[in-house]
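Quick notes on the structure that follows.
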Amino acid sequence: MNSLRMNRLLGSKGCAVVVACDHGEFDGPQPGLLDPIDLLNQLGDAPDGILMSPGTLRRAASVLGKRNAPVPIVRLNWNSVYAFGWKPQDSVGATVIDAEEALRLGADVALVGLTLNTGSESVDAANIDSFCQALLGCRRLGLPAIGEYFPDAATAADPDRLHDEVVRGVRIVCELGADAVKTFLNPEWTDVIAGCPIPVFGLGAERKNSDLEALELAHGQIKAGASGVVFGRNVFQSDDPLRFARALSAVVKDGKEPIHALHLADAHSAPGQAN
């Protein structure tokens, strides 16, 4: 792993807020994400990193090429498990770009997804092969790789099955050579962190009922030992994505209570304050 690149993401505090805006790669246009570049312009330097598709990264130089801009993280592979609108059944993966192309586009970190226990051992083996080939390409070029362990829809809907799957899955991702893991993380699942010796990022999943509820999830994930969060819909479907991203950073990086973090974000945007 290139620790210089990973340190840009984690910073001096060893934790990071990443905003995911790659949803169009699997589900097409999303409310709040019709134009990912517009979202990036809104967020400015509030997040530490932005997870995006190769297509968005190609168009993002005007935003991410600025000094102190968020770290660009590009997703290398595709899997039908993410295409929620099509009700996927088989969790079959495919390579989108390799590590060399990711570097050429300007990525500082790669993300590679993995789904196992699909009901087909041959699909599991193919997913492992694709995942490991992507990691190997990243290592050859010094590109840090976050492995995303993402169970199938049926598992994700069952809390007990999901817990067991995540405990196993994040350790598998670690053992296969990823530098960090992104996955579902219930704040009560401290055994997920205990069983994984590399940084774990909690994902935000579906849009919560309020910004405060989403911040409470992030707060619990950090208390459970996460090294940061990767939130998408809870950011770009907020009424004020910049306000939420600032509050999220206060929770994740400064240890603020969620309601206090919202007050700080409001004060930051008050008249007379810098935006």
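Each chain in the structure tokens gets a letter, A, B, ..., in the order shown, and its residues are numbered from 1; ligands are numbered from 1 in order too.
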
Could you give me, as a PDB file with N, CA and C atoms, in the first residue's frame, the residues within 7 Å of range 164-173 of chain A, counting only C-alpha atoms and dropping anything in the same chain fewer than 3 positions from it?
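Contents of around-v3.pdb, as written:
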ATOM      1  N   GLY A 147     -11.609  -2.572   0.291  1.00  0.00           N
ATOM      2  CA  GLY A 147     -12.486  -3.661  -0.106  1.00  0.00           C
ATOM      3  C   GLY A 147     -13.867  -3.441   0.487  1.00  0.00           C
ATOM      4  N   TYR A 149     -17.247  -5.125   1.486  1.00  0.00           N
ATOM      5  CA  TYR A 149     -17.979  -6.379   1.621  1.00  0.00           C
ATOM      6  C   TYR A 149     -19.462  -6.052   1.678  1.00  0.00           C
ATOM      7  N   ASP A 160     -29.741 -10.766  11.869  1.00  0.00           N
ATOM      8  CA  ASP A 160     -28.864 -11.808  12.405  1.00  0.00           C
ATOM      9  C   ASP A 160     -27.958 -12.375  11.316  1.00  0.00           C
ATOM     10  N   ARG A 161     -28.529 -12.681  10.158  1.00  0.00           N
ATOM     11  CA  ARG A 161     -27.718 -13.176   9.044  1.00  0.00           C
ATOM     12  C   ARG A 161     -26.712 -12.121   8.601  1.00  0.00           C
ATOM     13  N   LEU A 176      -7.525 -11.280   2.228  1.00  0.00           N
ATOM     14  CA  LEU A 176      -7.230 -11.293   0.792  1.00  0.00           C
ATOM     15  C   LEU A 176      -6.319 -10.143   0.378  1.00  0.00           C
ATOM     16  N   GLY A 177      -6.111  -9.179   1.285  1.00  0.00           N
ATOM     17  CA  GLY A 177      -5.105  -8.162   1.002  1.00  0.00           C
ATOM     18  C   GLY A 177      -5.575  -6.733   0.871  1.00  0.00           C
ATOM     19  N   ALA A 178      -6.835  -6.443   1.185  1.00  0.00           N
ATOM     20  CA  ALA A 178      -7.302  -5.061   1.123  1.00  0.00           C
ATOM     21  C   ALA A 178      -6.627  -4.229   2.213  1.00  0.00           C
ATOM     22  N   VAL A 181     -11.662  -1.673   4.831  1.00  0.00           N
ATOM     23  CA  VAL A 181     -12.923  -2.318   4.484  1.00  0.00           C
ATOM     24  C   VAL A 181     -14.067  -1.320   4.631  1.00  0.00           C
ATOM     25  N   VAL A 192     -17.164  -6.960  14.900  1.00  0.00           N
ATOM     26  CA  VAL A 192     -16.703  -6.740  13.523  1.00  0.00           C
ATOM     27  C   VAL A 192     -15.344  -6.055  13.542  1.00  0.00           C
ATOM     28  N   GLY A 195     -12.508  -8.244  15.080  1.00  0.00           N
ATOM     29  CA  GLY A 195     -12.037  -9.336  14.232  1.00  0.00           C
ATOM     30  C   GLY A 195     -11.373  -8.899  12.944  1.00  0.00           C
ATOM     31  N   CYS A 196     -11.103  -7.600  12.814  1.00  0.00           N
ATOM     32  CA  CYS A 196     -10.530  -7.100  11.565  1.00  0.00           C
ATOM     33  C   CYS A 196      -9.410  -6.109  11.877  1.00  0.00           C
TER      34      CYS A 196
END

Find the nearest atom pair between each residue of range 42-81 of chain A and range 15-30 of chain A for residues within 10 Å, count only C-alpha atoms, give distances in Å to one decimal, sort rows by chain and ascending number, and present the table as a Markdown table.
| residue | atom | partner | partner_atom | distance |
| --- | --- | --- | --- | --- |
| A:Leu43 | CA | A:Val19 | CA | 9.3 |
| A:Ala46 | CA | A:Val17 | CA | 8.6 |
| A:Pro47 | CA | A:Val17 | CA | 5.4 |
| A:Asp48 | CA | A:Val17 | CA | 5.3 |
| A:Gly49 | CA | A:Val18 | CA | 4.5 |
| A:Ile50 | CA | A:Val19 | CA | 4.9 |
| A:Leu51 | CA | A:Ala20 | CA | 4.5 |
| A:Met52 | CA | A:Asp22 | CA | 4.4 |
| A:Ser53 | CA | A:Asp22 | CA | 5.1 |
| A:Pro54 | CA | A:Asp22 | CA | 8.8 |
| A:Gly55 | CA | A:Glu25 | CA | 8.8 |
| A:Thr56 | CA | A:Asp22 | CA | 8.0 |
| A:Leu57 | CA | A:Asp22 | CA | 9.9 |
| A:Pro70 | CA | A:Val18 | CA | 8.5 |
| A:Val71 | CA | A:Val18 | CA | 8.7 |
| A:Pro72 | CA | A:Val18 | CA | 9.6 |
| A:Ile73 | CA | A:Val18 | CA | 8.9 |
| A:Val74 | CA | A:Asp22 | CA | 8.7 |
| A:Arg75 | CA | A:Asp22 | CA | 7.9 |
| A:Trp78 | CA | A:Phe26 | CA | 7.9 |
| A:Asn79 | CA | A:Phe26 | CA | 8.3 |
| A:Ser80 | CA | A:Phe26 | CA | 7.8 |
| A:Val81 | CA | A:Phe26 | CA | 9.0 |

Which residues are near Gly93 in chain A? Cut-off 10 Å, only C-alpha atoms, ignore same chain within fewer than 4 positions. Put them as a list in words.
Asn77, Trp78, Asn79, Ser80, Val81, Tyr82, Gly113, Leu114, Thr115, Val123, Asp124, Ala126, Asn127, Ile128, Ser130 and Phe131 of chain A

Would you mind exporting the chosen residues as an mmCIF file, in the first residue's frame, restricted to N, CA and C atoms?
data_model
loop_
_atom_site.group_PDB
_atom_site.id
_atom_site.type_symbol
_atom_site.label_atom_id
_atom_site.label_comp_id
_atom_site.auth_asym_id
_atom_site.auth_seq_id
_atom_site.Cartn_x
_atom_site.Cartn_y
_atom_site.Cartn_z
ATOM 1 N N ASN A 77 -14.883 -2.136 -9.862
ATOM 2 C CA ASN A 77 -15.705 -3.226 -10.394
ATOM 3 C C ASN A 77 -17.195 -2.952 -10.213
ATOM 4 N N TRP A 78 -17.988 -3.798 -10.814
ATOM 5 C CA TRP A 78 -19.453 -3.689 -10.821
ATOM 6 C C TRP A 78 -20.002 -5.029 -10.385
ATOM 7 N N ASN A 79 -21.134 -4.998 -9.668
ATOM 8 C CA ASN A 79 -21.778 -6.254 -9.281
ATOM 9 C C ASN A 79 -23.280 -6.048 -9.311
ATOM 10 N N SER A 80 -23.986 -7.040 -9.789
ATOM 11 C CA SER A 80 -25.443 -6.918 -9.884
ATOM 12 C C SER A 80 -26.099 -6.743 -8.515
ATOM 13 N N VAL A 81 -25.397 -7.079 -7.431
ATOM 14 C CA VAL A 81 -25.981 -6.952 -6.096
ATOM 15 C C VAL A 81 -26.342 -5.510 -5.770
ATOM 16 N N TYR A 82 -25.659 -4.550 -6.410
ATOM 17 C CA TYR A 82 -25.927 -3.138 -6.132
ATOM 18 C C TYR A 82 -27.089 -2.585 -6.958
ATOM 19 N N GLY A 113 -15.391 -4.042 -4.760
ATOM 20 C CA GLY A 113 -16.466 -4.711 -4.039
ATOM 21 C C GLY A 113 -16.344 -6.227 -4.090
ATOM 22 N N LEU A 114 -16.885 -6.872 -3.043
ATOM 23 C CA LEU A 114 -16.896 -8.336 -2.979
ATOM 24 C C LEU A 114 -18.195 -8.805 -2.349
ATOM 25 N N THR A 115 -18.861 -9.736 -3.008
ATOM 26 C CA THR A 115 -20.038 -10.400 -2.454
ATOM 27 C C THR A 115 -19.805 -11.903 -2.509
ATOM 28 N N VAL A 123 -20.033 -18.810 -8.607
ATOM 29 C CA VAL A 123 -20.113 -17.345 -8.591
ATOM 30 C C VAL A 123 -19.218 -16.789 -7.489
ATOM 31 N N ASP A 124 -19.234 -17.420 -6.312
ATOM 32 C CA ASP A 124 -18.352 -16.982 -5.223
ATOM 33 C C ASP A 124 -16.892 -17.024 -5.664
ATOM 34 N N ALA A 126 -15.670 -16.953 -8.717
ATOM 35 C CA ALA A 126 -15.422 -15.933 -9.740
ATOM 36 C C ALA A 126 -15.311 -14.543 -9.113
ATOM 37 N N ASN A 127 -16.151 -14.262 -8.117
ATOM 38 C CA ASN A 127 -16.076 -12.970 -7.436
ATOM 39 C C ASN A 127 -14.759 -12.815 -6.686
ATOM 40 N N ILE A 128 -14.305 -13.900 -6.055
ATOM 41 C CA ILE A 128 -13.008 -13.866 -5.365
ATOM 42 C C ILE A 128 -11.879 -13.623 -6.365
ATOM 43 N N SER A 130 -11.952 -12.144 -9.321
ATOM 44 C CA SER A 130 -11.992 -10.770 -9.807
ATOM 45 C C SER A 130 -11.485 -9.794 -8.741
ATOM 46 N N PHE A 131 -11.906 -10.013 -7.510
ATOM 47 C CA PHE A 131 -11.495 -9.158 -6.393
ATOM 48 C C PHE A 131 -9.978 -9.206 -6.206
#

Residues within 12 Å of Asp108 in chain A, please, as a ChimeraX atom specification. Count only C-alpha atoms; anything in the same chain fewer than 2 positions from it doesn't count.
/A:1-9,48-52,57,64-65,69-75,99-106,110-111,138,141-146

Export of prior selection with N, CA and C atoms as a tab-separated table (two decimals), in the first residue's frame:
chain	number	residue	atom	x	y	z
A	1	MET	N	0.83	-1.20	0.00
A	1	MET	CA	0.00	0.00	0.00
A	1	MET	C	0.87	1.25	0.00
A	2	ASN	N	0.45	2.27	-0.71
A	2	ASN	CA	1.10	3.57	-0.65
A	2	ASN	C	0.53	4.33	0.54
A	3	SER	N	1.29	4.38	1.65
A	3	SER	CA	0.78	5.01	2.87
A	3	SER	C	0.59	6.50	2.69
A	4	LEU	N	1.36	7.12	1.78
A	4	LEU	CA	1.19	8.54	1.54
A	4	LEU	C	-0.23	8.81	1.03
A	5	ARG	N	-0.69	8.01	0.07
A	5	ARG	CA	-2.04	8.21	-0.46
A	5	ARG	C	-3.11	7.93	0.60
A	6	MET	N	-2.93	6.86	1.36
A	6	MET	CA	-3.92	6.55	2.39
A	6	MET	C	-3.93	7.61	3.49
A	7	ASN	N	-2.76	8.16	3.81
A	7	ASN	CA	-2.70	9.20	4.82
A	7	ASN	C	-3.42	10.47	4.38
A	8	ARG	N	-3.44	10.72	3.07
A	8	ARG	CA	-4.22	11.87	2.58
A	8	ARG	C	-5.69	11.70	2.92
A	9	LEU	N	-6.15	10.46	2.90
A	9	LEU	CA	-7.55	10.20	3.21
A	9	LEU	C	-7.81	10.23	4.71
A	48	ASP	N	-13.51	14.25	3.38
A	48	ASP	CA	-12.10	13.89	3.17
A	48	ASP	C	-11.90	13.15	1.87
A	49	GLY	N	-12.92	12.46	1.42
A	49	GLY	CA	-12.82	11.69	0.19
A	49	GLY	C	-14.16	11.63	-0.52
A	50	ILE	N	-14.11	11.37	-1.82
A	50	ILE	CA	-15.31	11.18	-2.63
A	50	ILE	C	-15.19	9.85	-3.35
A	51	LEU	N	-16.17	8.96	-3.13
A	51	LEU	CA	-16.22	7.69	-3.85
A	51	LEU	C	-17.07	7.90	-5.10
A	52	MET	N	-16.51	7.57	-6.27
A	52	MET	CA	-17.23	7.84	-7.50
A	52	MET	C	-16.95	6.78	-8.56
A	57	LEU	N	-15.31	10.60	-12.28
A	57	LEU	CA	-13.94	11.07	-12.07
A	57	LEU	C	-13.38	11.72	-13.32
A	64	LEU	N	-11.97	18.44	-8.20
A	64	LEU	CA	-11.02	17.67	-7.40
A	64	LEU	C	-9.58	18.02	-7.70
A	65	GLY	N	-9.34	18.85	-8.71
A	65	GLY	CA	-7.98	19.30	-9.00
A	65	GLY	C	-7.56	20.50	-8.17
A	69	ALA	N	-8.65	19.69	-2.04
A	69	ALA	CA	-9.88	19.01	-2.46
A	69	ALA	C	-9.94	17.62	-1.83
A	70	PRO	N	-11.13	17.03	-1.73
A	70	PRO	CA	-11.24	15.66	-1.21
A	70	PRO	C	-10.45	14.66	-2.06
A	71	VAL	N	-10.03	13.58	-1.43
A	71	VAL	CA	-9.29	12.52	-2.10
A	71	VAL	C	-10.23	11.77	-3.06
A	72	PRO	N	-9.84	11.63	-4.33
A	72	PRO	CA	-10.68	10.87	-5.27
A	72	PRO	C	-10.51	9.36	-5.06
A	73	ILE	N	-11.63	8.68	-4.87
A	73	ILE	CA	-11.67	7.22	-4.71
A	73	ILE	C	-12.54	6.67	-5.83
A	74	VAL	N	-12.01	5.76	-6.63
A	74	VAL	CA	-12.77	5.26	-7.77
A	74	VAL	C	-13.08	3.78	-7.59
A	75	ARG	N	-14.30	3.43	-7.95
A	75	ARG	CA	-14.75	2.03	-7.87
A	75	ARG	C	-14.27	1.29	-9.12
A	99	ALA	N	-6.42	-0.99	-12.13
A	99	ALA	CA	-5.71	-0.03	-11.29
A	99	ALA	C	-4.93	0.99	-12.11
A	100	GLU	N	-4.36	0.53	-13.21
A	100	GLU	CA	-3.59	1.45	-14.06
A	100	GLU	C	-4.46	2.57	-14.60
A	101	GLU	N	-5.67	2.22	-15.06
A	101	GLU	CA	-6.57	3.23	-15.57
A	101	GLU	C	-7.05	4.15	-14.45
A	102	ALA	N	-7.26	3.59	-13.25
A	102	ALA	CA	-7.67	4.41	-12.11
A	102	ALA	C	-6.62	5.48	-11.80
A	103	LEU	N	-5.34	5.08	-11.81
A	103	LEU	CA	-4.27	6.05	-11.60
A	103	LEU	C	-4.24	7.08	-12.72
A	104	ARG	N	-4.45	6.63	-13.93
A	104	ARG	CA	-4.41	7.54	-15.08
A	104	ARG	C	-5.52	8.60	-14.95
A	105	LEU	N	-6.66	8.19	-14.40
A	105	LEU	CA	-7.77	9.13	-14.22
A	105	LEU	C	-7.52	10.11	-13.08
A	106	GLY	N	-6.59	9.77	-12.18
A	106	GLY	CA	-6.28	10.65	-11.06
A	106	GLY	C	-6.70	10.16	-9.70
A	110	ALA	N	-8.43	3.22	-4.55
A	110	ALA	CA	-9.40	2.42	-5.29
A	110	ALA	C	-10.36	1.74	-4.33
A	111	LEU	N	-11.55	1.41	-4.82
A	111	LEU	CA	-12.48	0.59	-4.05
A	111	LEU	C	-12.89	-0.59	-4.91
A	138	CYS	N	-3.62	-3.16	-7.89
A	138	CYS	CA	-3.42	-2.01	-7.02
A	138	CYS	C	-2.06	-2.07	-6.32
A	141	LEU	N	0.97	-1.08	-8.34
A	141	LEU	CA	1.10	0.35	-8.66
A	141	LEU	C	1.12	1.24	-7.42
A	142	GLY	N	1.08	0.64	-6.24
A	142	GLY	CA	1.10	1.43	-5.01
A	142	GLY	C	-0.19	2.18	-4.76
A	143	LEU	N	-1.31	1.64	-5.24
A	143	LEU	CA	-2.61	2.29	-5.07
A	143	LEU	C	-3.35	1.62	-3.92
A	144	PRO	N	-3.64	2.33	-2.83
A	144	PRO	CA	-4.39	1.72	-1.73
A	144	PRO	C	-5.76	1.24	-2.20
A	145	ALA	N	-6.20	0.13	-1.66
A	145	ALA	CA	-7.48	-0.46	-2.07
A	145	ALA	C	-8.38	-0.70	-0.87
A	146	ILE	N	-9.55	-0.10	-0.91
A	146	ILE	CA	-10.59	-0.37	0.07
A	146	ILE	C	-11.45	-1.51	-0.48

If I take CA of Phe84 in chain A and CA of Glu206 in chain A, how far is one from the other in Å, to one decimal?
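These atoms are spaced 11.3 Å apart.
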
One number please: CA of Glu188 in chain A to CA of Val200 in chain A, in Å, one decimal.
14.3 Å

How would you write, as a list in words, the set of residues in range 21-182 of chain A that DSSP gives as strand (DSSP E)?
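Restricting range 21-182 of chain A to strand (DSSP E) produces Gly49, Ile50, Leu51, Met52, Val71, Pro72, Ile73, Val74, Arg75, Asn77, Trp78, Asn79, Gly93, Ala94, Thr95, Val109, Ala110, Leu111, Val112, Gly113, Leu114, Ala145, Ile146, Gly147, Glu148, Tyr149, Ala180, Val181 and Lys182 of chain A.
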
Output N, CA and C atoms of each residue in that selection to a file, as a compact mmCIF listing (two decimals), in the first residue's frame.
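Below is the file out08.txt, written as the result:
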# COMPACT_ATOMS: atom_id res chain seq x y z
N GLY A 49 -12.92 12.46 1.42
CA GLY A 49 -12.82 11.69 0.19
C GLY A 49 -14.16 11.63 -0.52
N ILE A 50 -14.11 11.37 -1.82
CA ILE A 50 -15.31 11.18 -2.63
C ILE A 50 -15.19 9.85 -3.35
N LEU A 51 -16.17 8.96 -3.13
CA LEU A 51 -16.22 7.69 -3.85
C LEU A 51 -17.07 7.90 -5.10
N MET A 52 -16.51 7.57 -6.27
CA MET A 52 -17.23 7.84 -7.50
C MET A 52 -16.95 6.78 -8.56
N VAL A 71 -10.03 13.58 -1.43
CA VAL A 71 -9.29 12.52 -2.10
C VAL A 71 -10.23 11.77 -3.06
N PRO A 72 -9.84 11.63 -4.33
CA PRO A 72 -10.68 10.87 -5.27
C PRO A 72 -10.51 9.36 -5.06
N ILE A 73 -11.63 8.68 -4.87
CA ILE A 73 -11.67 7.22 -4.71
C ILE A 73 -12.54 6.67 -5.83
N VAL A 74 -12.01 5.76 -6.63
CA VAL A 74 -12.77 5.26 -7.77
C VAL A 74 -13.08 3.78 -7.59
N ARG A 75 -14.30 3.43 -7.95
CA ARG A 75 -14.75 2.03 -7.87
C ARG A 75 -14.27 1.29 -9.12
N ASN A 77 -14.88 -2.14 -9.86
CA ASN A 77 -15.71 -3.23 -10.39
C ASN A 77 -17.20 -2.95 -10.21
N TRP A 78 -17.99 -3.80 -10.81
CA TRP A 78 -19.45 -3.69 -10.82
C TRP A 78 -20.00 -5.03 -10.38
N ASN A 79 -21.13 -5.00 -9.67
CA ASN A 79 -21.78 -6.25 -9.28
C ASN A 79 -23.28 -6.05 -9.31
N GLY A 93 -20.33 -10.36 -10.60
CA GLY A 93 -19.48 -9.19 -10.72
C GLY A 93 -18.78 -9.08 -12.06
N ALA A 94 -18.26 -7.89 -12.34
CA ALA A 94 -17.51 -7.65 -13.57
C ALA A 94 -16.51 -6.52 -13.32
N THR A 95 -15.37 -6.58 -13.98
CA THR A 95 -14.37 -5.52 -13.89
C THR A 95 -14.79 -4.35 -14.77
N VAL A 109 -7.08 6.50 -4.34
CA VAL A 109 -7.49 5.27 -3.65
C VAL A 109 -8.47 4.56 -4.57
N ALA A 110 -8.43 3.22 -4.55
CA ALA A 110 -9.40 2.42 -5.29
C ALA A 110 -10.36 1.74 -4.33
N LEU A 111 -11.55 1.41 -4.82
CA LEU A 111 -12.48 0.59 -4.05
C LEU A 111 -12.89 -0.59 -4.91
N VAL A 112 -12.85 -1.79 -4.29
CA VAL A 112 -13.21 -3.02 -4.99
C VAL A 112 -14.26 -3.75 -4.16
N GLY A 113 -15.39 -4.04 -4.76
CA GLY A 113 -16.47 -4.71 -4.04
C GLY A 113 -16.34 -6.23 -4.09
N LEU A 114 -16.88 -6.87 -3.04
CA LEU A 114 -16.90 -8.34 -2.98
C LEU A 114 -18.20 -8.81 -2.35
N ALA A 145 -6.20 0.13 -1.66
CA ALA A 145 -7.48 -0.46 -2.07
C ALA A 145 -8.38 -0.70 -0.87
N ILE A 146 -9.55 -0.10 -0.91
CA ILE A 146 -10.59 -0.37 0.07
C ILE A 146 -11.45 -1.51 -0.48
N GLY A 147 -11.61 -2.57 0.29
CA GLY A 147 -12.49 -3.66 -0.11
C GLY A 147 -13.87 -3.44 0.49
N GLU A 148 -14.89 -3.49 -0.34
CA GLU A 148 -16.25 -3.34 0.17
C GLU A 148 -16.91 -4.71 0.26
N TYR A 149 -17.25 -5.12 1.49
CA TYR A 149 -17.98 -6.38 1.62
C TYR A 149 -19.46 -6.05 1.68
N ALA A 180 -8.23 -1.52 3.64
CA ALA A 180 -9.31 -1.09 4.52
C ALA A 180 -10.58 -1.76 4.03
N VAL A 181 -11.66 -1.67 4.83
CA VAL A 181 -12.92 -2.32 4.48
C VAL A 181 -14.07 -1.32 4.63
N LYS A 182 -14.97 -1.36 3.69
CA LYS A 182 -16.25 -0.63 3.79
C LYS A 182 -17.35 -1.67 3.88

Within 9 Å of Trp189 in chain A using only C-alpha atoms, minus same-chain residues under 5 positions, as number ranges by chain
A: 163, 167, 221, 224

Could the residues in this selection be saved with N, CA and C atoms as a PDB file, in the first residue's frame?
ATOM      1  N   HIS A 163     -25.329  -9.752  10.377  1.00  0.00           N
ATOM      2  CA  HIS A 163     -24.236  -9.663  11.345  1.00  0.00           C
ATOM      3  C   HIS A 163     -23.207 -10.750  11.116  1.00  0.00           C
ATOM      4  N   VAL A 167     -19.265 -10.080   9.895  1.00  0.00           N
ATOM      5  CA  VAL A 167     -18.122 -10.517  10.710  1.00  0.00           C
ATOM      6  C   VAL A 167     -17.172 -11.377   9.876  1.00  0.00           C
ATOM      7  N   GLN A 221     -21.241   4.169  14.957  1.00  0.00           N
ATOM      8  CA  GLN A 221     -20.212   3.424  14.237  1.00  0.00           C
ATOM      9  C   GLN A 221     -18.813   3.810  14.713  1.00  0.00           C
ATOM     10  N   ALA A 224     -18.109   2.351  18.025  1.00  0.00           N
ATOM     11  CA  ALA A 224     -17.852   0.907  17.911  1.00  0.00           C
ATOM     12  C   ALA A 224     -16.436   0.609  17.438  1.00  0.00           C
TER      13      ALA A 224
END

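Close contacts of range 208-210 of chain A, defined as residues with an atom at most 12 Å away when counting only C-alpha atoms, with chain neighbours fewer than 4 positions off set aside, comprise Gly204, Ala214, Leu215, Glu216, Leu217, Ala218, Phe231, Gly232, Arg233, Asn234, Val235, Phe236, Gln237, Ser238, Asp239, Asp240, Phe244, Pro258, Ile259 and Leu262 of chain A.
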
With only C-alpha atoms as the basis for distance, which of A:Pro88, A:Gly119, A:Asp211, A:Pro241 is at the shortest distance from Ala261 in chain A?
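Among A:Pro88, A:Gly119, A:Asp211, A:Pro241, it is A:Asp211 that comes nearest to Ala261 in chain A.
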
Could you give me the residues within range 90-142 of chain A that DSSP places in alpha helix (DSSP H), as a list in words?
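Here are the alpha helix (DSSP H) residues of range 90-142 of chain A: Ala99, Glu100, Glu101, Ala102, Leu103, Arg104, Leu105, Glu121, Ser122, Val123, Asp124, Ala125, Ala126, Asn127, Ile128, Asp129, Ser130, Phe131, Cys132, Gln133, Ala134, Leu135, Leu136, Gly137, Cys138, Arg139, Arg140 and Leu141 of chain A.
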
N, CA and C atoms of the current selection, written as an mmCIF file, in the first residue's frame:
data_model
loop_
_atom_site.group_PDB
_atom_site.id
_atom_site.type_symbol
_atom_site.label_atom_id
_atom_site.label_comp_id
_atom_site.auth_asym_id
_atom_site.auth_seq_id
_atom_site.Cartn_x
_atom_site.Cartn_y
_atom_site.Cartn_z
ATOM 1 N N ALA A 99 -6.419 -0.993 -12.133
ATOM 2 C CA ALA A 99 -5.710 -0.029 -11.292
ATOM 3 C C ALA A 99 -4.933 0.987 -12.113
ATOM 4 N N GLU A 100 -4.362 0.533 -13.215
ATOM 5 C CA GLU A 100 -3.589 1.451 -14.059
ATOM 6 C C GLU A 100 -4.462 2.569 -14.600
ATOM 7 N N GLU A 101 -5.667 2.215 -15.059
ATOM 8 C CA GLU A 101 -6.574 3.233 -15.570
ATOM 9 C C GLU A 101 -7.054 4.151 -14.448
ATOM 10 N N ALA A 102 -7.256 3.589 -13.251
ATOM 11 C CA ALA A 102 -7.671 4.408 -12.112
ATOM 12 C C ALA A 102 -6.623 5.479 -11.802
ATOM 13 N N LEU A 103 -5.345 5.081 -11.808
ATOM 14 C CA LEU A 103 -4.273 6.048 -11.595
ATOM 15 C C LEU A 103 -4.236 7.081 -12.716
ATOM 16 N N ARG A 104 -4.446 6.628 -13.934
ATOM 17 C CA ARG A 104 -4.412 7.541 -15.076
ATOM 18 C C ARG A 104 -5.520 8.601 -14.947
ATOM 19 N N LEU A 105 -6.661 8.194 -14.397
ATOM 20 C CA LEU A 105 -7.766 9.126 -14.215
ATOM 21 C C LEU A 105 -7.521 10.107 -13.075
ATOM 22 N N GLU A 121 -21.374 -21.626 -5.559
ATOM 23 C CA GLU A 121 -19.946 -21.661 -5.264
ATOM 24 C C GLU A 121 -19.118 -21.178 -6.450
ATOM 25 N N SER A 122 -19.605 -21.409 -7.669
ATOM 26 C CA SER A 122 -18.860 -20.943 -8.835
ATOM 27 C C SER A 122 -18.907 -19.424 -8.949
ATOM 28 N N VAL A 123 -20.033 -18.810 -8.607
ATOM 29 C CA VAL A 123 -20.113 -17.345 -8.591
ATOM 30 C C VAL A 123 -19.218 -16.789 -7.489
ATOM 31 N N ASP A 124 -19.234 -17.420 -6.312
ATOM 32 C CA ASP A 124 -18.352 -16.982 -5.223
ATOM 33 C C ASP A 124 -16.892 -17.024 -5.664
ATOM 34 N N ALA A 125 -16.495 -18.117 -6.305
ATOM 35 C CA ALA A 125 -15.103 -18.254 -6.739
ATOM 36 C C ALA A 125 -14.749 -17.208 -7.792
ATOM 37 N N ALA A 126 -15.670 -16.953 -8.717
ATOM 38 C CA ALA A 126 -15.422 -15.933 -9.740
ATOM 39 C C ALA A 126 -15.311 -14.543 -9.113
ATOM 40 N N ASN A 127 -16.151 -14.262 -8.117
ATOM 41 C CA ASN A 127 -16.076 -12.970 -7.436
ATOM 42 C C ASN A 127 -14.759 -12.815 -6.686
ATOM 43 N N ILE A 128 -14.305 -13.900 -6.055
ATOM 44 C CA ILE A 128 -13.008 -13.866 -5.365
ATOM 45 C C ILE A 128 -11.879 -13.623 -6.365
ATOM 46 N N ASP A 129 -11.918 -14.310 -7.482
ATOM 47 C CA ASP A 129 -10.870 -14.161 -8.490
ATOM 48 C C ASP A 129 -10.799 -12.717 -8.995
ATOM 49 N N SER A 130 -11.952 -12.144 -9.321
ATOM 50 C CA SER A 130 -11.992 -10.770 -9.807
ATOM 51 C C SER A 130 -11.485 -9.794 -8.741
ATOM 52 N N PHE A 131 -11.906 -10.013 -7.510
ATOM 53 C CA PHE A 131 -11.495 -9.158 -6.393
ATOM 54 C C PHE A 131 -9.978 -9.206 -6.206
ATOM 55 N N CYS A 132 -9.417 -10.412 -6.195
ATOM 56 C CA CYS A 132 -7.977 -10.565 -5.955
ATOM 57 C C CYS A 132 -7.150 -10.029 -7.113
ATOM 58 N N GLN A 133 -7.627 -10.183 -8.327
ATOM 59 C CA GLN A 133 -6.908 -9.628 -9.469
ATOM 60 C C GLN A 133 -6.872 -8.097 -9.391
ATOM 61 N N ALA A 134 -7.962 -7.505 -8.939
ATOM 62 C CA ALA A 134 -7.993 -6.056 -8.783
ATOM 63 C C ALA A 134 -7.025 -5.602 -7.691
ATOM 64 N N LEU A 135 -7.009 -6.325 -6.572
ATOM 65 C CA LEU A 135 -6.083 -5.977 -5.490
ATOM 66 C C LEU A 135 -4.634 -6.111 -5.942
ATOM 67 N N LEU A 136 -4.345 -7.161 -6.697
ATOM 68 C CA LEU A 136 -2.984 -7.371 -7.187
ATOM 69 C C LEU A 136 -2.552 -6.201 -8.067
ATOM 70 N N GLY A 137 -3.436 -5.741 -8.937
ATOM 71 C CA GLY A 137 -3.114 -4.598 -9.768
ATOM 72 C C GLY A 137 -2.859 -3.349 -8.955
ATOM 73 N N CYS A 138 -3.621 -3.164 -7.894
ATOM 74 C CA CYS A 138 -3.418 -2.006 -7.018
ATOM 75 C C CYS A 138 -2.064 -2.075 -6.322
ATOM 76 N N ARG A 139 -1.711 -3.244 -5.818
ATOM 77 C CA ARG A 139 -0.434 -3.387 -5.111
ATOM 78 C C ARG A 139 0.741 -3.129 -6.046
ATOM 79 N N ARG A 140 0.645 -3.572 -7.262
ATOM 80 C CA ARG A 140 1.739 -3.379 -8.220
ATOM 81 C C ARG A 140 2.015 -1.894 -8.468
ATOM 82 N N LEU A 141 0.969 -1.078 -8.337
ATOM 83 C CA LEU A 141 1.104 0.345 -8.656
ATOM 84 C C LEU A 141 1.117 1.239 -7.418
#
